[in-house]
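Contents: one structure, followed by commentary.
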Amino acid sequence: MFKKLMLVALCALSVVSLRADEGMWLPQYLKKDHAKALKKAGLKIPVTEIYNENGSSLKDAVVIFGRGCTGEIVSPDGLLLTNYHCGYSSIQQLSGIGHNYLQNGFAAMSRGEELPVEGLTVTFVREIADVTEDFLASGKTVEEYGKEYEKKHATGEPGEKFLVKSFYAGNQYYAFRTVVFSDVRMVLAPPYSVGKFGNETDNWMWPRHTCDFCMFRVYSAPDGSAAEYNSDNVPYKAPRHLKISTKGYKEGDYTMIMGFPGSTTRYATSYAVQYDTEVENQMRILIRGERQKILKENMLASEDVRIKYSSKYQSSSNYWKNSIGMNRGVKKLGVVARKQAEEAAFNEWAKGKAEYEGLMARAEKLNNQRATDGRRAIILREALINAIEISSPARTLNTVKNLENANKEWLAGLFNDFYDDFDMATDRRVAKRMIELVCELLPAEERPDVFAKKLEGEFGGNIDNFVDWIYRNSVFATRERYNQLLQQGSGLTREVLESDPAYIFGMSVMAAYREVALRLVPITQQLADVDRLYQKGLMEMQPKRLFYPDANFTLRMTYGKVLPYSPADGVEYNYYTTMKGVIDKEDPSNPFDFTVAERQKELYHAKNWGGWDENGELRTCFLSTNDITGGNSGSPIMNAKGELIGLAFDGNWEAMSGDIAFEPVLQRTINVDIRYVLWVIDTFFDAGYLLDEMTFVK
């Protein structure tokens, strides 16, 4: 049995080291480690055109969009493309009854019509430095070292920020100098039926027909520096913008993606994988699924609720379905067994090596220790902290010192954004189901004390009456109640706050969560040390293998090719889709997912492709073997010459375990074809003037 495990492990390792498609590579090492492989794969430009620490390169056109996505600059005047689902919260923020940009879309027909988005930022990476030796010698925490590094290297450029991040589980460290632009304006967004076509049903699925893009513009002060919104600001002249290819692609063509992948755990132990799937994912699937049912019902019943909760629903359902797919993939593809085989090889190599011997036994013990408290923590977080919103303002106000002396105007504006996207009736329905779930999932002694004191003690276990008490009496139930309190006599005092039902509920929940979280801290720290040693040991065990670090939302490059796949026996998927699939999928009984815009149907039946078709077909999406994950959403997918051919926006269902273990045969990136994007801009919206500032190549 042991020999069999060893053989499986060695085979797995050899496959990993040979697959060009796998790898979220640090761009600063492409020239040193990948120049020959890139050329062999089909790259037709120098590697320094991708990343050049001494000059301009493609890296300078790739940005962090908002807090968790990627975007790319596509004109000399700061025009930016990203995914529709990345810009979704901004589109929602600007929408309202009478100007529902989610439903109807938006296109600025001049720069004067572009809409500022409060709070939205775009971040450029200026410099990357390896600080491993200096950091480890300093004896400081990452935060302490980062502040010291910033003092030494700050240039004074407006918007400048420094970040030091860990790689290879703490075996290497890099410092990033970035510049953050905070005047970002919405230029164009397709209607929901185009930008989110397929929505929850098609999420993570192929074939796909979603035109998942939207367009913004980055503005700067007149001197080109980052600045807050000002009507005198001008379009930003970025160091580089991407050229756009309208030539298309064919099967086997080289592709590369640059972006900011969020998080992977490719080097996780089998024990960590079992914890993630059997504890974290399982609870997340159950709890979010129940909440989403309620949100969906209320959103379908009210346009106002739909506008308020669309972004929340999308955010929740995306990771919910990801968790379902990951659990399915881990089981179906035998990921745990593969991990165990790799660990068997490691254990054999580690014999007699004091630093590594017994490491896997330690990993098993620690993961078993965190299981009970980890399950409780995710239930409290998912069901009570994240899902029930009414206590959020109360928790925030609890951190305000001298509450009685706080400026009333400041207090009044503190929760404007919260109430813009809050519906009491919806939240009350959610609260009843979530509290019911907690009672089903946790024994009485593991629940927050408010359950015993209030729910059981005062309301005899009647959840409806308990929840109604909170929403009928809390000043945070509506914007009006909160503002009225601020205008009354002594206004909002500490005494008033602490007697509020939402405060009583919220603080009890947080106390229970903090208690369990504190117990998890030492276990988490010890697991981090195990991960560091395991990755260090793997690199020593395989000195000839090129290791890439797990994703941590830093700039990476991945290369692969356009390729179809076969998900099951007798099933063959083509590598691209067309507009015909949009029309075929229309389903009036499912307006959430498969509504087709009337204009889209008119243009389709008229075969009005605006010149963006290929042989009479408008291609919509295509597949590639690039290695991406969350955070890469909106990333540019480029051809062998570094020209933009589409935007990455999803992975495929059959390889949802890819964040834990790359699947060489099945794993695919789903991209929207840039010609579909251009068709929507030019033909659907008749906003072709925007194309005049882009650079096209054929």
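Order determines the names: the first chain of the structure tokens is A, the second B, and so forth; residues in each chain are numbered 1 upward, and ligands are numbered 1 upward as they are shown.
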
Identify, with DSSP run on backbone atoms, the residues in segment 414-520 of chain A assigned to alpha helix (DSSP H), and express the list as a PyMOL selection string.
chain A and resi 416-420+424-441+449-450+463-473+479-487+494-498+501-520

Please return, as an MDAnalysis selection string, all residues of segment 137-341 of chain A that DSSP assigns to strand (DSSP E or B) on the basis of the backbone.
chainID A and resid 160:167 172:181 183:189 214:220 234:235 244:245 254:259

Could you give me, as a tab-separated table, every segment 223-287 of chain A residue with an atom at most 12 Å from segment 432-448 of chain A, plus its closest atom pair and distance in Å to one decimal, counting only C-alpha atoms, rows ordered by chain then number?
residue	atom	partner	partner_atom	distance
A:Gln282	CA	A:Leu441	CA	12.0
A:Met283	CA	A:Leu441	CA	9.4
A:Leu286	CA	A:Leu437	CA	9.3
A:Ile287	CA	A:Met434	CA	7.5

Mind dumping the selected residues with N, CA and C atoms as an mmCIF file, in the first residue's frame?
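Just written: part.cif:
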data_model
loop_
_atom_site.group_PDB
_atom_site.id
_atom_site.type_symbol
_atom_site.label_atom_id
_atom_site.label_comp_id
_atom_site.auth_asym_id
_atom_site.auth_seq_id
_atom_site.Cartn_x
_atom_site.Cartn_y
_atom_site.Cartn_z
ATOM 1 N N GLN A 282 -19.425 23.055 4.376
ATOM 2 C CA GLN A 282 -20.713 22.431 4.649
ATOM 3 C C GLN A 282 -21.660 23.395 5.355
ATOM 4 N N MET A 283 -21.147 24.115 6.347
ATOM 5 C CA MET A 283 -21.982 25.080 7.069
ATOM 6 C C MET A 283 -22.327 26.279 6.187
ATOM 7 N N LEU A 286 -25.177 25.370 3.714
ATOM 8 C CA LEU A 286 -26.492 25.289 4.368
ATOM 9 C C LEU A 286 -27.030 26.674 4.724
ATOM 10 N N ILE A 287 -26.226 27.466 5.412
ATOM 11 C CA ILE A 287 -26.707 28.750 5.947
ATOM 12 C C ILE A 287 -26.977 29.754 4.834
#

Skip segment 106-119 of chain A itself and residues of its chain fewer than 3 positions away, then list as an MDAnalysis selection string all residues within 7 Å of it, counting only C-alpha atoms.
chainID A and resid 90 101 183:190 685 687

What lies within 9 Å of segment 655-669 of chain A using only C-alpha atoms, ignoring chain neighbours under 2 positions off, as a ChimeraX atom specification?
/A:15-16,19,21-23,204,263-268,273,322-331,333,335,339,563-567,622-629,648-653,671

Restricting it to N, CA and C atoms, dump the selection as a compact mmCIF listing (two decimals), in the first residue's frame.
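Heads up, here's the output in again_21.txt:
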# COMPACT_ATOMS: atom_id res chain seq x y z
N VAL A 15 3.71 15.47 -12.94
CA VAL A 15 2.71 16.17 -13.75
C VAL A 15 2.70 17.64 -13.42
N VAL A 16 2.73 17.96 -12.11
CA VAL A 16 2.71 19.36 -11.66
C VAL A 16 3.86 20.13 -12.26
N ARG A 19 3.41 20.81 -16.29
CA ARG A 19 2.28 21.51 -16.88
C ARG A 19 2.55 23.00 -16.96
N ASP A 21 0.42 25.10 -18.01
CA ASP A 21 -0.83 25.79 -17.70
C ASP A 21 -0.95 26.10 -16.21
N GLU A 22 -0.42 25.23 -15.37
CA GLU A 22 -0.52 25.46 -13.93
C GLU A 22 0.50 26.48 -13.48
N GLY A 23 0.08 27.35 -12.57
CA GLY A 23 1.03 28.28 -11.98
C GLY A 23 0.56 29.71 -12.01
N TRP A 204 -20.26 29.46 -12.79
CA TRP A 204 -19.26 28.39 -12.78
C TRP A 204 -19.54 27.32 -13.84
N SER A 263 -7.00 33.97 -3.45
CA SER A 263 -6.55 33.03 -2.43
C SER A 263 -6.63 31.59 -2.95
N THR A 264 -5.54 30.87 -2.80
CA THR A 264 -5.53 29.43 -3.05
C THR A 264 -4.82 28.75 -1.89
N THR A 265 -5.04 27.45 -1.77
CA THR A 265 -4.35 26.65 -0.74
C THR A 265 -3.83 25.37 -1.39
N ARG A 266 -3.05 25.52 -2.44
CA ARG A 266 -2.57 24.38 -3.22
C ARG A 266 -1.64 23.47 -2.41
N TYR A 267 -0.98 24.02 -1.38
CA TYR A 267 -0.04 23.22 -0.60
C TYR A 267 -0.64 22.77 0.73
N ALA A 268 -1.96 22.93 0.87
CA ALA A 268 -2.64 22.52 2.10
C ALA A 268 -2.52 21.01 2.31
N VAL A 273 -7.71 20.15 4.05
CA VAL A 273 -8.73 20.03 3.01
C VAL A 273 -10.01 19.42 3.59
N ASN A 322 -19.57 28.26 -5.14
CA ASN A 322 -18.18 27.84 -5.18
C ASN A 322 -17.93 26.74 -4.16
N SER A 323 -18.50 26.89 -2.95
CA SER A 323 -18.32 25.89 -1.90
C SER A 323 -18.96 24.56 -2.29
N ILE A 324 -20.14 24.63 -2.92
CA ILE A 324 -20.80 23.41 -3.40
C ILE A 324 -19.92 22.71 -4.43
N GLY A 325 -19.44 23.48 -5.39
CA GLY A 325 -18.60 22.92 -6.45
C GLY A 325 -17.29 22.38 -5.93
N MET A 326 -16.70 23.08 -4.96
CA MET A 326 -15.44 22.62 -4.40
C MET A 326 -15.61 21.29 -3.69
N ASN A 327 -16.65 21.17 -2.88
CA ASN A 327 -16.88 19.90 -2.19
C ASN A 327 -17.11 18.77 -3.18
N ARG A 328 -17.87 19.07 -4.23
CA ARG A 328 -18.13 18.07 -5.26
C ARG A 328 -16.83 17.64 -5.93
N GLY A 329 -16.01 18.64 -6.30
CA GLY A 329 -14.76 18.35 -7.00
C GLY A 329 -13.77 17.59 -6.14
N VAL A 330 -13.65 17.98 -4.88
CA VAL A 330 -12.72 17.30 -3.97
C VAL A 330 -13.07 15.82 -3.87
N LYS A 331 -14.36 15.52 -3.78
CA LYS A 331 -14.79 14.13 -3.66
C LYS A 331 -14.64 13.39 -4.99
N LEU A 333 -12.84 14.02 -7.67
CA LEU A 333 -11.51 13.93 -8.25
C LEU A 333 -10.48 13.33 -7.29
N VAL A 335 -9.20 14.32 -4.40
CA VAL A 335 -8.16 15.26 -3.98
C VAL A 335 -7.51 14.85 -2.66
N LYS A 339 -3.57 14.13 -1.93
CA LYS A 339 -2.82 14.83 -0.89
C LYS A 339 -2.15 13.83 0.05
N LEU A 563 -8.48 26.02 -25.43
CA LEU A 563 -8.66 24.57 -25.52
C LEU A 563 -10.06 24.16 -25.05
N PRO A 564 -10.71 23.25 -25.77
CA PRO A 564 -11.99 22.69 -25.30
C PRO A 564 -11.71 21.66 -24.22
N TYR A 565 -12.76 20.99 -23.75
CA TYR A 565 -12.55 19.90 -22.80
C TYR A 565 -13.72 18.94 -22.83
N SER A 566 -13.48 17.76 -22.26
CA SER A 566 -14.51 16.73 -22.17
C SER A 566 -14.77 16.46 -20.69
N PRO A 567 -15.91 16.93 -20.16
CA PRO A 567 -16.17 16.79 -18.72
C PRO A 567 -16.61 15.40 -18.29
N PHE A 622 -15.20 32.22 -24.47
CA PHE A 622 -14.29 31.16 -24.90
C PHE A 622 -13.50 30.62 -23.70
N LEU A 623 -12.90 29.45 -23.90
CA LEU A 623 -12.18 28.73 -22.85
C LEU A 623 -10.67 28.82 -23.05
N SER A 624 -9.96 28.83 -21.93
CA SER A 624 -8.50 28.72 -21.98
C SER A 624 -8.04 27.91 -20.77
N THR A 625 -6.80 27.45 -20.80
CA THR A 625 -6.28 26.60 -19.72
C THR A 625 -5.53 27.40 -18.67
N ASN A 626 -5.67 28.71 -18.66
CA ASN A 626 -4.96 29.54 -17.69
C ASN A 626 -5.39 29.23 -16.25
N ASP A 627 -4.49 29.47 -15.35
CA ASP A 627 -4.67 29.14 -13.93
C ASP A 627 -5.07 30.39 -13.17
N ILE A 628 -6.36 30.52 -12.82
CA ILE A 628 -6.83 31.71 -12.13
C ILE A 628 -7.72 31.32 -10.95
N THR A 629 -8.08 32.33 -10.16
CA THR A 629 -9.04 32.13 -9.08
C THR A 629 -9.69 33.48 -8.78
N ALA A 648 -11.17 37.59 -18.43
CA ALA A 648 -11.44 36.38 -17.64
C ALA A 648 -12.54 36.69 -16.62
N PHE A 649 -13.48 35.74 -16.44
CA PHE A 649 -14.51 36.02 -15.45
C PHE A 649 -14.97 34.82 -14.64
N ASP A 650 -14.53 33.61 -14.95
CA ASP A 650 -15.04 32.48 -14.18
C ASP A 650 -14.17 31.25 -14.40
N GLY A 651 -14.41 30.24 -13.55
CA GLY A 651 -13.83 28.94 -13.74
C GLY A 651 -14.94 27.95 -14.05
N ASN A 652 -14.59 26.70 -14.31
CA ASN A 652 -15.61 25.72 -14.72
C ASN A 652 -15.96 24.77 -13.58
N TRP A 653 -17.19 24.32 -13.58
CA TRP A 653 -17.79 23.53 -12.50
C TRP A 653 -17.02 22.25 -12.22
N ASN A 671 -13.79 33.05 -20.40
CA ASN A 671 -13.51 34.43 -20.76
C ASN A 671 -14.61 34.98 -21.66

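From atom CA of Met579 of chain A back to atom CA of Thr595 of chain A, the distance works out to 13.8 Å.
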
Close residues, Tyr513 of chain A itself excluded, 9 Å, only C-alpha atoms, min 3 positions apart in chain, as a list in words:
Arg376, Ala377, Leu380, Arg381, Ile385, Pro448, Ser508, Val509, Met510, Val516, Ala517 and Leu518 of chain A

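Using only C-alpha atoms, the smallest distance between any of A:Phe415, A:Tyr573, A:Phe466, A:Tyr604 and Thr396 of chain A comes from A:Phe415.
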
Contacts of segment 154-171 of chain A within 10 Å, only C-alpha atoms, excl. fewer than 3 positions in-chain, as a short mmCIF file (atom, residue, chain, number, x, y, z; two decimals) with C-alpha atoms, in the first residue's frame:
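Result file is selection38.cif:
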data_model
loop_
_atom_site.label_atom_id
_atom_site.label_comp_id
_atom_site.auth_asym_id
_atom_site.auth_seq_id
_atom_site.Cartn_x
_atom_site.Cartn_y
_atom_site.Cartn_z
CA THR A 123 -4.68 50.77 -7.64
CA PHE A 124 -1.53 50.66 -9.78
CA VAL A 125 1.52 48.62 -8.73
CA ARG A 126 4.63 50.75 -9.20
CA GLU A 127 7.42 48.64 -7.70
CA ILE A 128 7.98 45.16 -6.24
CA ALA A 129 10.97 44.36 -4.00
CA ASP A 130 12.17 41.14 -2.38
CA VAL A 131 12.65 41.99 1.31
CA THR A 132 12.92 38.44 2.69
CA PHE A 135 12.44 41.25 7.08
CA LEU A 136 13.53 38.01 8.73
CA VAL A 142 4.76 42.25 9.00
CA GLU A 143 2.82 45.34 10.07
CA GLU A 144 5.76 46.83 12.00
CA TYR A 145 8.20 46.13 9.19
CA GLY A 146 5.81 47.59 6.62
CA LYS A 147 5.62 50.90 8.46
CA TYR A 149 9.84 50.15 5.08
CA GLU A 150 7.41 52.90 4.07
CA LYS A 151 9.35 55.53 6.06
CA TYR A 174 7.89 41.10 -0.86
CA ALA A 175 7.17 44.80 -0.52
CA PHE A 176 4.83 46.52 -2.97
CA ARG A 177 4.74 50.23 -3.69
CA THR A 178 1.32 51.14 -5.08
CA VAL A 179 -0.58 54.29 -6.01
CA VAL A 180 -4.32 54.47 -5.32
CA PHE A 181 -6.61 56.62 -7.49
CA SER A 182 -9.93 57.52 -5.86
CA ALA A 221 -5.44 65.92 -10.86
CA GLY A 224 -1.43 63.54 -13.41
CA SER A 225 -1.29 62.71 -9.71
CA ALA A 226 -3.87 60.74 -7.75
CA ALA A 227 -6.57 62.95 -6.23
CA GLU A 228 -10.02 62.86 -4.64
CA THR A 265 -4.35 26.65 -0.74
CA TYR A 267 -0.04 23.22 -0.60
CA ALA A 528 0.53 28.46 10.11
CA ASP A 529 3.88 27.18 11.37
CA VAL A 530 3.05 23.70 10.08
CA ASP A 531 2.20 25.15 6.66
CA ARG A 532 5.46 27.13 6.58
CA LEU A 533 7.54 24.08 7.41
CA TYR A 534 5.64 21.84 4.99
CA GLN A 535 6.18 24.20 2.07
CA LYS A 536 9.82 24.71 3.03
CA MET A 539 10.91 22.81 -1.80
CA PHE A 547 7.26 26.39 -7.12
CA TYR A 548 4.78 29.23 -7.40
CA PRO A 549 3.35 30.75 -4.20
CA ASP A 550 -0.30 30.40 -3.30
CA ALA A 551 -2.48 33.30 -4.42
CA ASN A 552 -2.68 36.22 -1.96
CA PHE A 553 -4.12 39.04 -4.11
CA THR A 554 -0.77 40.14 -5.51
#

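The closest residue to Glu598 of chain A, picked from A:Asp692, A:Ser193, A:Asp60, A:Lys698 and counting only C-alpha atoms, is A:Ser193.
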
Would you kindly return, as a PyMOL selection string, each protein, DNA or RNA residue with an atom no farther than 10 Å from any atom of segment 586-592 of chain A, considering only C-alpha atoms and excluding same-chain residues fewer than 4 positions away?
chain A and resi 192-193+196-201+296+299-300+581-582+596-597

Just checking: using only C-alpha atoms, which residue out of A:Tyr275, A:Phe505, A:Tyr309, A:Tyr482 ends up closest to Ser95 of chain A?
A:Tyr309
